[in-house]
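Visitor: Would you mind keeping the following structure in view while I ask a few things?
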Amino acid sequence: MRFTTETSFDGVTERLFTLDEVPGVLWTPGDTVGERPLVLIGHGGGQHKKAPDVVTLARRFVGELGYAVASVDVPNHGDRPMEEKYARIVAENQARVEAGEELGPLIAGFQALVARRTVPEWRKVLDALQGLDHVGAGPVGYWGVSLGCGLGVPFVAAETRVRAAVLGLGGALAAAGDAARITVPVEFLLQWDDERVPRTQGLALFEALASAEKTLHVNPGRHGEVPAFELDSTLRFFARHLG
């Protein structure tokens, strides 16, 4: 892991890094050292590791809970180079939607393809971060909705260090099998009028989760209209389960 820049503001230190050509960012409380919970944030489609909603969430985790937070760019996002194979699939899917195909299955198939790459990348990032003096091998959480859910479900299913997860705005078409392997506490967000993920598919993904403790948060509105108060709920959820 190679750190490239470091800045501090209002008690939060931000460090940009690369690991095996995967660009990421780590936020921690000031210059303190010692073991602490770590939350990995999976950004949404078309976003990146420092998208405004990611930064807002990260700074609250650090400032209010004292956690470490990390996020990395997924393929064809942020500071990663554009790869023709992914761009081609996106263009083909767009053409198929314009020709009348349903969007949900196309999104699910694409996310399943990308997850085969991101799951091992994220596990390597987690290994490296937990080796740092200002992170340590403390409890791990995961937060990801939309694309962050599609990639996060297989990650949480595969990574035994994750103790709790916030997921949502995703469906069961490609993720039901992985969801059935998730047993940690989950808070799941669903938008009732989601135009990208059919309501039935979101409910099916929630139902597929094998967690004994799982909570469904349903709000009116479209895909990108999750209410701001859900952020407060997210902090309370992780505070209960990560300490």
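In the structure tokens, the first chain shown is A, the next is B, and so on; residue numbers restart at 1 for each chain, and ligands run from 1 in the order shown.
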Show me, as a tab-separated table (two decimals) with N, CA and C atoms, in the first residue's frame, the residues that have an atom within 10 Å of Phe155 (chain A) when counting only C-alpha atoms, minus same-chain residues fewer than 6 positions from it.
Guide:
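As a result, part-v4.tsv now contains:
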chain	number	residue	atom	x	y	z
A	115	ALA	N	-18.19	-7.85	-9.62
A	115	ALA	CA	-17.91	-8.35	-8.27
A	115	ALA	C	-16.84	-9.42	-8.26
A	116	ARG	N	-16.72	-10.18	-9.33
A	116	ARG	CA	-15.67	-11.20	-9.37
A	116	ARG	C	-14.28	-10.58	-9.26
A	118	THR	N	-13.88	-7.16	-7.84
A	118	THR	CA	-13.78	-6.26	-6.69
A	118	THR	C	-13.70	-7.00	-5.36
A	119	VAL	N	-14.34	-8.15	-5.23
A	119	VAL	CA	-14.29	-8.86	-3.95
A	119	VAL	C	-12.85	-9.17	-3.54
A	120	PRO	N	-12.02	-9.78	-4.38
A	120	PRO	CA	-10.63	-10.01	-3.97
A	120	PRO	C	-9.84	-8.72	-3.79
A	121	GLU	N	-10.15	-7.68	-4.59
A	121	GLU	CA	-9.47	-6.40	-4.41
A	121	GLU	C	-9.77	-5.82	-3.03
A	122	TRP	N	-11.03	-5.82	-2.65
A	122	TRP	CA	-11.42	-5.24	-1.36
A	122	TRP	C	-10.84	-6.04	-0.20
A	123	ARG	N	-10.73	-7.35	-0.34
A	123	ARG	CA	-10.17	-8.15	0.75
A	123	ARG	C	-8.68	-7.82	0.92
A	142	TYR	N	-19.52	-2.84	6.73
A	142	TYR	CA	-19.62	-2.49	5.31
A	142	TYR	C	-20.88	-1.68	5.08
A	149	CYS	N	-24.28	-2.00	-3.19
A	149	CYS	CA	-24.98	-3.18	-2.70
A	149	CYS	C	-24.70	-4.38	-3.60
A	162	VAL	N	-16.25	-9.04	8.40
A	162	VAL	CA	-17.35	-8.08	8.44
A	162	VAL	C	-18.38	-8.55	9.47
A	178	ASP	N	-25.57	-15.30	-2.87
A	178	ASP	CA	-24.63	-14.72	-1.92
A	178	ASP	C	-25.35	-14.23	-0.67
A	182	ILE	N	-25.08	-14.65	4.02
A	182	ILE	CA	-24.85	-13.55	4.95
A	182	ILE	C	-25.64	-13.79	6.23
Visitor: If you run DSSP over the backbone, which residues in region 4-242 of chain A end up helix (DSSP H, G or I)? Put them as a VMD selection string.
Guide: chain A and resid 52 to 65 84 to 98 103 to 130 147 to 158 176 to 179 199 to 208 229 to 242
Visitor: Need to verify the contact set: Met1 (chain A), 7 Å, only C-alpha atoms, exclusion of same-chain residues closer than 6 positions in sequence. Can you return it as a PDB file with all heavy atoms, in the first residue's frame?
Guide:
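part_35.pdb was written with the following content:
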ATOM      1  N   PHE A  17      -4.427   6.573  -1.212  1.00  0.00           N
ATOM      2  CA  PHE A  17      -3.479   5.479  -1.373  1.00  0.00           C
ATOM      3  C   PHE A  17      -3.762   4.711  -2.654  1.00  0.00           C
ATOM      4  O   PHE A  17      -4.825   4.853  -3.270  1.00  0.00           O
ATOM      5  CB  PHE A  17      -3.541   4.530  -0.169  1.00  0.00           C
ATOM      6  CG  PHE A  17      -4.843   3.780  -0.014  1.00  0.00           C
ATOM      7  CD1 PHE A  17      -5.101   2.619  -0.747  1.00  0.00           C
ATOM      8  CD2 PHE A  17      -5.817   4.226   0.875  1.00  0.00           C
ATOM      9  CE1 PHE A  17      -6.295   1.924  -0.602  1.00  0.00           C
ATOM     10  CE2 PHE A  17      -7.012   3.544   1.023  1.00  0.00           C
ATOM     11  CZ  PHE A  17      -7.252   2.394   0.282  1.00  0.00           C
ATOM     12  N   THR A  18      -2.790   3.902  -3.033  1.00  0.00           N
ATOM     13  CA  THR A  18      -2.987   2.917  -4.094  1.00  0.00           C
ATOM     14  C   THR A  18      -2.477   1.575  -3.590  1.00  0.00           C
ATOM     15  O   THR A  18      -1.499   1.515  -2.842  1.00  0.00           O
ATOM     16  CB  THR A  18      -2.244   3.297  -5.393  1.00  0.00           C
ATOM     17  OG1 THR A  18      -0.843   3.438  -5.118  1.00  0.00           O
ATOM     18  CG2 THR A  18      -2.785   4.583  -5.984  1.00  0.00           C
ATOM     19  N   LEU A  19      -3.152   0.522  -3.999  1.00  0.00           N
ATOM     20  CA  LEU A  19      -2.737  -0.836  -3.669  1.00  0.00           C
ATOM     21  C   LEU A  19      -2.955  -1.694  -4.901  1.00  0.00           C
ATOM     22  O   LEU A  19      -4.091  -1.881  -5.343  1.00  0.00           O
ATOM     23  CB  LEU A  19      -3.559  -1.379  -2.495  1.00  0.00           C
ATOM     24  CG  LEU A  19      -3.237  -2.819  -2.083  1.00  0.00           C
ATOM     25  CD1 LEU A  19      -1.812  -2.918  -1.532  1.00  0.00           C
ATOM     26  CD2 LEU A  19      -4.242  -3.334  -1.050  1.00  0.00           C
ATOM     27  N   ALA A 128      -4.429  -4.841   4.121  1.00  0.00           N
ATOM     28  CA  ALA A 128      -3.409  -3.799   4.243  1.00  0.00           C
ATOM     29  C   ALA A 128      -3.798  -2.760   5.291  1.00  0.00           C
ATOM     30  O   ALA A 128      -2.963  -2.331   6.090  1.00  0.00           O
ATOM     31  CB  ALA A 128      -3.189  -3.128   2.883  1.00  0.00           C
TER      32      ALA A 128
END
Visitor: Leaving out region 43-53 of chain A and any residue of its chain fewer than 3 positions from it, which residues lie within 9 Å of it when counting only C-alpha atoms, given as a count of residues only?
Guide: 22
Visitor: Please identify every residue of region 156-239 of chain A that has at least one atom no farther than 8 Å from an atom of region 89-108 of chain A, counting only C-alpha atoms, and for each give the shortest atom pair and the distance in Å to one decimal, arranged by chain then increasing number, as a tab-separated table.
Guide:
residue	atom	partner	partner_atom	distance
A:Gly171	CA	A:Ala108	CA	7.5
A:Leu173	CA	A:Ala108	CA	6.0
A:Ala174	CA	A:Ala108	CA	5.2
A:Ala175	CA	A:Ala108	CA	7.8
A:Arg196	CA	A:Gly104	CA	6.4
A:Val197	CA	A:Gly104	CA	5.7
A:Pro198	CA	A:Gly104	CA	7.0
Visitor: Just C-alpha atoms for this one: save the residues we selected as a PDB file, in the first residue's frame.
Guide:
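Ended up saving to again_12.pdb:
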ATOM      1  CA  GLY A 171     -32.214  -6.632  -6.049  1.00  0.00           C
ATOM      2  CA  LEU A 173     -31.594 -11.282  -9.493  1.00  0.00           C
ATOM      3  CA  ALA A 174     -27.847 -11.880  -9.247  1.00  0.00           C
ATOM      4  CA  ALA A 175     -27.285 -11.706  -5.490  1.00  0.00           C
ATOM      5  CA  ARG A 196     -34.019   1.207 -11.358  1.00  0.00           C
ATOM      6  CA  VAL A 197     -34.576  -1.788  -9.087  1.00  0.00           C
ATOM      7  CA  PRO A 198     -38.090  -3.300  -9.081  1.00  0.00           C
TER       8      PRO A 198
END
Visitor: Tell me which protein, DNA and RNA residues are within 10 Å of Ser211 (chain A), counting only C-alpha atoms, leaving out same-chain ones fewer than 5 positions away, and put them as a count of residues only.
Guide: 10
Visitor: For region 221-223 of chain A, find every residue with an atom within 10 Å (counting only C-alpha atoms), except residues of its own chain fewer than 3 positions away, and show them as an NGL selection string.
Guide: :A and (145-146 or 169-170 or 190-197 or 218 or 226-227)
Visitor: What would the file look like if the residues just selected were written as an mmCIF file, in the first residue's frame with N, CA, C and O atoms?
Guide:
data_model
loop_
_atom_site.group_PDB
_atom_site.id
_atom_site.type_symbol
_atom_site.label_atom_id
_atom_site.label_comp_id
_atom_site.auth_asym_id
_atom_site.auth_seq_id
_atom_site.Cartn_x
_atom_site.Cartn_y
_atom_site.Cartn_z
ATOM 1 N N VAL A 145 -24.928 0.963 -1.060
ATOM 2 C CA VAL A 145 -26.243 0.888 -1.685
ATOM 3 C C VAL A 145 -26.075 1.018 -3.199
ATOM 4 O O VAL A 145 -25.037 1.453 -3.690
ATOM 5 N N SER A 146 -27.102 0.605 -3.933
ATOM 6 C CA SER A 146 -27.083 0.620 -5.389
ATOM 7 C C SER A 146 -25.920 -0.254 -5.885
ATOM 8 O O SER A 146 -25.836 -1.432 -5.521
ATOM 9 N N LEU A 169 -31.065 -0.648 -2.054
ATOM 10 C CA LEU A 169 -31.245 -0.184 -3.427
ATOM 11 C C LEU A 169 -30.683 -1.192 -4.418
ATOM 12 O O LEU A 169 -30.157 -0.835 -5.470
ATOM 13 N N GLY A 170 -30.805 -2.464 -4.059
ATOM 14 C CA GLY A 170 -30.340 -3.551 -4.914
ATOM 15 C C GLY A 170 -31.367 -4.656 -4.932
ATOM 16 O O GLY A 170 -32.278 -4.697 -4.095
ATOM 17 N N LEU A 190 -34.712 0.434 1.182
ATOM 18 C CA LEU A 190 -35.504 0.206 -0.026
ATOM 19 C C LEU A 190 -36.357 1.434 -0.305
ATOM 20 O O LEU A 190 -37.053 1.929 0.584
ATOM 21 N N GLN A 191 -36.274 1.930 -1.537
ATOM 22 C CA GLN A 191 -37.101 3.042 -1.971
ATOM 23 C C GLN A 191 -38.347 2.500 -2.683
ATOM 24 O O GLN A 191 -38.240 1.773 -3.668
ATOM 25 N N TRP A 192 -39.521 2.865 -2.185
ATOM 26 C CA TRP A 192 -40.774 2.271 -2.651
ATOM 27 C C TRP A 192 -41.056 2.526 -4.121
ATOM 28 O O TRP A 192 -41.691 1.729 -4.798
ATOM 29 N N ASP A 193 -40.551 3.651 -4.637
ATOM 30 C CA ASP A 193 -40.823 4.032 -6.023
ATOM 31 C C ASP A 193 -39.564 3.941 -6.888
ATOM 32 O O ASP A 193 -39.419 4.677 -7.866
ATOM 33 N N ASP A 194 -38.657 3.044 -6.519
ATOM 34 C CA ASP A 194 -37.383 2.886 -7.219
ATOM 35 C C ASP A 194 -37.623 2.560 -8.690
ATOM 36 O O ASP A 194 -38.272 1.562 -9.028
ATOM 37 N N GLU A 195 -37.080 3.406 -9.576
ATOM 38 C CA GLU A 195 -37.247 3.205 -11.008
ATOM 39 C C GLU A 195 -36.167 2.324 -11.610
ATOM 40 O O GLU A 195 -36.271 1.907 -12.777
ATOM 41 N N ARG A 196 -35.128 2.010 -10.846
ATOM 42 C CA ARG A 196 -34.019 1.207 -11.358
ATOM 43 C C ARG A 196 -34.081 -0.242 -10.886
ATOM 44 O O ARG A 196 -33.724 -1.161 -11.634
ATOM 45 N N VAL A 197 -34.489 -0.445 -9.660
ATOM 46 C CA VAL A 197 -34.576 -1.788 -9.087
ATOM 47 C C VAL A 197 -36.037 -2.062 -8.726
ATOM 48 O O VAL A 197 -36.596 -1.388 -7.861
ATOM 49 N N VAL A 218 -38.014 1.104 4.652
ATOM 50 C CA VAL A 218 -38.706 1.445 3.413
ATOM 51 C C VAL A 218 -39.141 2.900 3.467
ATOM 52 O O VAL A 218 -39.772 3.333 4.437
ATOM 53 N N VAL A 226 -33.112 8.639 -1.041
ATOM 54 C CA VAL A 226 -33.070 8.117 0.332
ATOM 55 C C VAL A 226 -33.053 9.292 1.303
ATOM 56 O O VAL A 226 -32.232 10.207 1.170
ATOM 57 N N PRO A 227 -33.943 9.326 2.288
ATOM 58 C CA PRO A 227 -34.008 10.464 3.218
ATOM 59 C C PRO A 227 -32.721 10.625 4.023
ATOM 60 O O PRO A 227 -32.050 9.647 4.362
#
Visitor: Of the candidates A:Val12, A:Ile41, A:Leu189, A:Leu113, which shows the shortest atom-to-atom distance to Leu65 (chain A), using only C-alpha atoms?
Guide: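 Closest to Leu65 (chain A) of all the choices is A:Val12.
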Visitor: For each of A:Phe229, A:Trp27, A:Phe3, A:Phe188, take the minimum atom-to-atom distance to Gly202 (chain A), counting only C-alpha atoms, then give the residue where this is smallest.
Guide: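 Of the candidates, the smallest distance to Gly202 (chain A) is held by A:Phe188.
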Visitor: Using Å and a single decimal, report how far CA of Leu203 (chain A) sits from CA of Pro37 (chain A).
Guide: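 So the two atoms, CA of Pro37 (chain A) and CA of Leu203 (chain A), lie 29.5 Å apart.
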Visitor: Please indicate the distance in Å from CA of Ala210 (chain A) to CA of Gly141 (chain A), rounded to one decimal place.
Guide: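 According to the coordinates, CA of Ala210 (chain A) and CA of Gly141 (chain A) are separated by 17.1 Å.
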Visitor: To test your reading of the structure, identify every residue in region 33-242 of chain A that backbone DSSP assigns to strand (DSSP E), and report it as a PyMOL selection string.
Guide: chain A and resi 38-42+68-72+140-145+162-168+186-191+214-219
Visitor: Quick one: pull the distance between CA of Arg80 (chain A) and CA of Glu21 (chain A), Å, one decimal.
Guide: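 One can read the CA of Arg80 (chain A) to CA of Glu21 (chain A) distance as 8.1 Å.
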Visitor: Which residue is closest to Glu83 (chain A)? Choose from A:Ala158, A:Ala68, A:Val114, A:Ala172 and count only C-alpha atoms.
Guide: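 So, comparing all the options, the nearest one is A:Val114.
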